[in-house]
Amino acid sequence: MKRKLEDHVSDIEGFLADVGITLGKDRNLAERDIEPIVRDLTKSLLNNETRETFLGQLEEYIFSDVNRLKTAMLPLKREEGVQLNSESFIRVLLLVPLLTEKVAGMLLGKLSKSTDGDNISGLIVAQFRWLMAQCDDVIITQLPIILPSCSVQVQRDIIGGISEMTSESSHGSVCNILVGHLKSPELVPCVLDAITELTLAPDDLERVFTEVEEILGDLSWDSLPAALRFILGSAPADSAIRVIRENVSLDQKNDTSSGSKEFSLECLEQVLRFQGKVQKHWLVVLERSQKLSILDFFTLILLYRVSSHPKRVLGIVKKHVKGGSLSRVLLECVFEDHASTCVVYTVELLKIAQGLISSLPVHPTPRTLYCGLFNCLQSHGRQEVVGSLLTLTGSSSTRDCAIDTLILIKERTGDALDRYVSLLGSLLDYLNTLTLQQARKVLFLLVSLKSASSTVTDDVHILTRKYLSHPDTRLNRLGTIGACALLQHLSLITESPKKAATFFEQVVCLIKRSIELRAFFLEELSSSILRMESSFAQHVFENNAEHFHEMFVSDTPTSSSSRAADILCIEGEDTLNGSAFVSIDLWRIAEERKNLILLFPLLRLLGFSLQSSGRPDMADIDVVVGCHIRMAPLDTLIPSDSLALITLYNFAVEIVNVFHIEARPSMRSKVVQRLELLLRLLRKITCLSPSPRNLIPVTGDLIPSRGDQVGRVTRSSSGGAGAADSSTCDILNTTDKPTQQMEHTLIEQKEEVKTEVTSMAALDKLTGYVRELDVKVLQILKYNNTKPEKDADESGHTFSLSLPIVCLLLEDTLRKCKVKLKSNPFAKGGNSGLKGLTEEGLVREILDVLPEICQLMEDNQPTSTPPSESSQPSTQEELDAMDPAKTRLFELVFAVLELVFSWPGFSSDTQEGWLEVLGGRSVGTQGPLSARRRRTLQYLLSFSEGCSSFSSQVSLVRCCSVIADGQHSRLGEICRKCLEGTWEGGPKHNDGVAMLVKCWLEHGAEMEEVVGELQTVVDKSGSNLPSLTRGTLPLAYRVVCEKLVVNLRKINTDTPDENTVTDLAECVNHFAVLISFIKQINNSRPMIRSALTLGQRFLDLFLSKGLPALSGLMKDQWLEVQSILKRLQTPTRYLHHVTGHSKSIRDIALTAKVPQMKKTLEHLVLKVKAMLAAHGCSAAFWLGNLKQRDLKGQEILSQEPQEEEEEEDGAGSDISELSIDTDGGEEDPCNDSEPYSESMSIGY
């Protein structure tokens, strides 16, 4: 077909027109299909000269003109405009075998000269894609030359299409070229994407993986996604995860492009979502990891999002929270440096926080998580956080933690929470369903919101007046709490100081009808007065000081009346001149009982309001309570005077609570004297009956309502006038004691301290009736570092605290720690200030005086001697020669430290300060955390010589075992030495011995040695450890069995070897010995229960781990496997007897464990049979029935008739015994034709 061409037609145009291609400026036309054109071109260019001429004209006409070249690379079209198979003119030439190499060279040469402005690099690369002709040699030859000379964009175009430009056979050579360009940061993404698309041999992939690992830590955020995709897609999952966790650190990137960082995490999310193997391995790695990085934290969030088992991910998070690896420092770093990234995962973070707060309500990490998330979110996201916390307040188990979290958010974010006052106001709707402590937190939170001044505050005010007028006592108390919250709010508003005083008078008028409600109001006001404005606090002080004088202070004439003879006038330190003096007649107040319930709250309020008013000292209140105190002599008080005794005790406690902040030497001396009085009163309280009557509750939430029945105390005849006249002494001023009472013999001091050791326990029966020392009272230890000698100031006032007083303060602290950190952190703390204190607050209070406590221990440490076996007392006679007060000091200190160390929040938040103090007492505080923990452990163990009693050594071991990381030989030695001693038994002696055995096993003791010691106790052959007796054996037996299960779990059975067989044989042998103890000690129910429970665990673990490992080693180590199975026969058969014994004696608790034990024994028999049958040893079996026997081996008669029993035996329905017969020789045991003379039976 003839075409109309342009006026100037070159030879190449005519040549191509003859084959069916017409060249034009804007488009190229094809008259025929591609295949005929390629065929005709091939025939026309067979001549070399013609081919060279054609190529020369092609280069001059096409490649010298950029526009013509672009047109030549566009798809050919028919004349009518229809595109033809997407093939361009250049691709047609490349399809001609005679032209492929030359044309490819021209294209690549043009590619090296192209610029970003030409926009032809992409078209040139497209000419080589999926080309049927082979251009590999040209490309591989020219590629190293072309790439360095091209611009970055052209390089990216070439590298991006290299996998489609070459065949699979050349991918290895292409990979070698591309690896060299990994050093260019801007080319890393496209190079790794191109390598991912290549088909490479394992060696090539490994080489690229090594190169990527070297540069991974230096990649920018833009390059990191491609690197993550390559590593996770080309390497084994475990190696890829290891490399990423070691080299990728989200907190070390200097790139400010947060979007790229989020894209990297999104890339990681896609891999975790679609590659189940990577997801599974990463879960395992994070579960076993001992330390978390920021990348690990975000990986956990991604796994929670994509995993089909989010509960498992949440369990891993809980594990790291408990272990301290997910600490507050890490979370604060996450939310401060990666706030925008956290916003992307708000939903997952909220779900994780909700899960943590539900399962770990006492841990500070969930609160930190909520606070950090609240800080980094905007308005709408913050509303989601507040809504989530309000939802959690609906559950009783999470309500306290949710309210505490809201308070923490308010403290850390200031006014940010104020705009959500409408949401928080909904808490008032179910205020009456909250406990008083919860309501107290909610009300004080609501009135602290600034936006609440016109909304929620009015609601609280209305609710307060309503509840104060209600007849119900509980609602009255809620109203009282609301009134105190409003008083605090009004006192802090500068424009309305008078409103607070006016509202205070209104509240006083409302509560006058009930003396109990007045007492409760005084308690609440004294707890919150320190947070109120000083002028209002001064107003409260002046108002209540007058009432205190009116109710409790009276004038006493010098000539005592007949009534005065029945009481003791206790001389005050400030002597008054004149013929009369004022006094507080505690005996009269206790007898009349009228205002007794108001005495202590009012005294407490006076002291705290004076502190809040900003006075430098307590001079004003000293005038109020520094008068004479009248009470019967302590020697005349008998158990029936319980109310008078407890009244004096409570009064002395509140004096200490008020005056402990004094800096004046004279007042500090008086505080010490009050503490000495408390010691004397505690000895009296110990003698009270277990349930004293006629007492009045005087602590906070336990103050009774008016309807409560209160008895009247009566005075015994022994406390009459004669007794008062013959024995008078000043019990508030210990310096005025007669000399005879100040002198004690050594025996009397020992008895006094021994009584004092248990004196605080006597307060348990008086909970709610005695006042408690304030948490801040522990600061008294700062008065002076206790030393053996007393240091006096110029005025004669001593500041040295005696050891009994120190022990009193430490024991009170220990009781507070048990309430707050261990048993129930939200329990009522009486009037000690504990109810308004968080766990972190209590720990900080103890940390504040920790240097003084350490100094106390160092001053009372015995003179250091070379370590020897005789350095610690091992007999009761040696113990009596020691100072029990010093021993008690060490016991209390270590008990407090143990509770703090085991507190869930210690490892995550506060351990830095504690380790700095404890570890720095003897060496520096520098170094990693593990080194500081080790130095702390060494410092604590240095006091082992001062622990001369069993309880003190147990406290030391408990404390050190919590802080120890791994095994510590010194700790194991201390445990053994303590077990070698002879101690008097006590209520917790057996538990202490069991704990020592457990710690000994964990820190160096061999299982064989411990089992041997237990064997000597069972055989009564004389144990080397006198503390191990028949009485302590059951608990020690359980501890050893638990350790044996742990040892079996640690055996490596994934790749069994000779060591595996040895370890299994050792565990089975110890198991057999432990089970045999039940037979030797007849009818020990605790040991039988431990054997059934832990024996089943051992056998279940042996079935899941031991038998598969033995099956793999059976052909190579048949005799060893046979020995293990034969050894296992005896304990399993005896456990079968134990199950029959439990049924025969009809023990319900033991019988409940029988079915599962029988099931485990049957599984053991059948699995051993299957294992031997799988190895061709089926002829080595015989099956039979085990008879039911008791612990003595006697047969238990069946309740069924004999005929029926025989029929059952003949039926063979009970598979209860499996035996393996072997001759014990060296021949193949799996040969079925061999006779066997020995037998091994496993029965249940």
# chains A, B, ... in the order shown; residues from 1 in each chain; ligands from 1
call {"tool": "residues_around", "arguments": {"residues": "Arg78 in chain A", "least_positions_apart": "5", "cutoff": "10 Å", "atoms": "only C-alpha atoms", "output": "ChimeraX atom specification"}}
result
/A:21-22,28-33,83-84
call {"tool": "residues_around", "arguments": {"residues": "Cys854 in chain A", "least_positions_apart": "2", "cutoff": "12 Å", "atoms": "only C-alpha atoms", "output": "ChimeraX atom specification"}}
result
/A:781-782,785-786,846-852,856-861,889-890,893-894,897,914,917-922,936,939-940,942-943
call {"tool": "residues_around", "arguments": {"residues": "range 497-511 of chain A", "least_positions_apart": "2", "cutoff": "8 Å", "atoms": "only C-alpha atoms", "output": "CSV table (one decimal) with C-alpha atoms, in the first residue's frame"}}
result
chain,number,residue,atom,x,y,z
A,468,LEU,CA,-26.0,16.7,105.7
A,469,SER,CA,-29.7,17.1,106.3
A,483,ALA,CA,-18.2,20.1,102.8
A,487,LEU,CA,-14.0,24.5,102.0
A,490,LEU,CA,-13.4,28.3,98.6
A,491,SER,CA,-10.3,28.9,100.7
A,492,LEU,CA,-8.1,28.9,97.6
A,493,ILE,CA,-10.2,31.4,95.7
A,494,THR,CA,-8.6,34.7,96.4
A,495,GLU,CA,-11.6,36.8,95.6
A,513,ARG,CA,-27.1,17.7,116.1
A,514,SER,CA,-24.8,14.7,116.2
A,515,ILE,CA,-21.6,14.4,118.2
A,517,LEU,CA,-20.9,13.6,112.9
A,518,ARG,CA,-18.9,16.5,114.5
A,536,PHE,CA,-8.6,30.2,106.7
A,539,HIS,CA,-9.5,31.1,111.4
call {"tool": "closest_residue", "arguments": {"among": "A:Val321, A:Phe608, A:Leu645, A:Asn47", "to": "Asp774 in chain A", "atoms": "only C-alpha atoms"}}
result
A:Phe608
call {"tool": "closest_residue", "arguments": {"among": "A:Asp222, A:Glu1002, A:Glu246, A:Glu164", "to": "Thr199 in chain A", "atoms": "only C-alpha atoms"}}
result
A:Glu164
call {"tool": "closest_residue", "arguments": {"among": "A:Cys807, A:Leu1044, A:Val125, A:Leu937", "to": "Pro884 in chain A", "atoms": "only C-alpha atoms"}}
result
A:Cys807
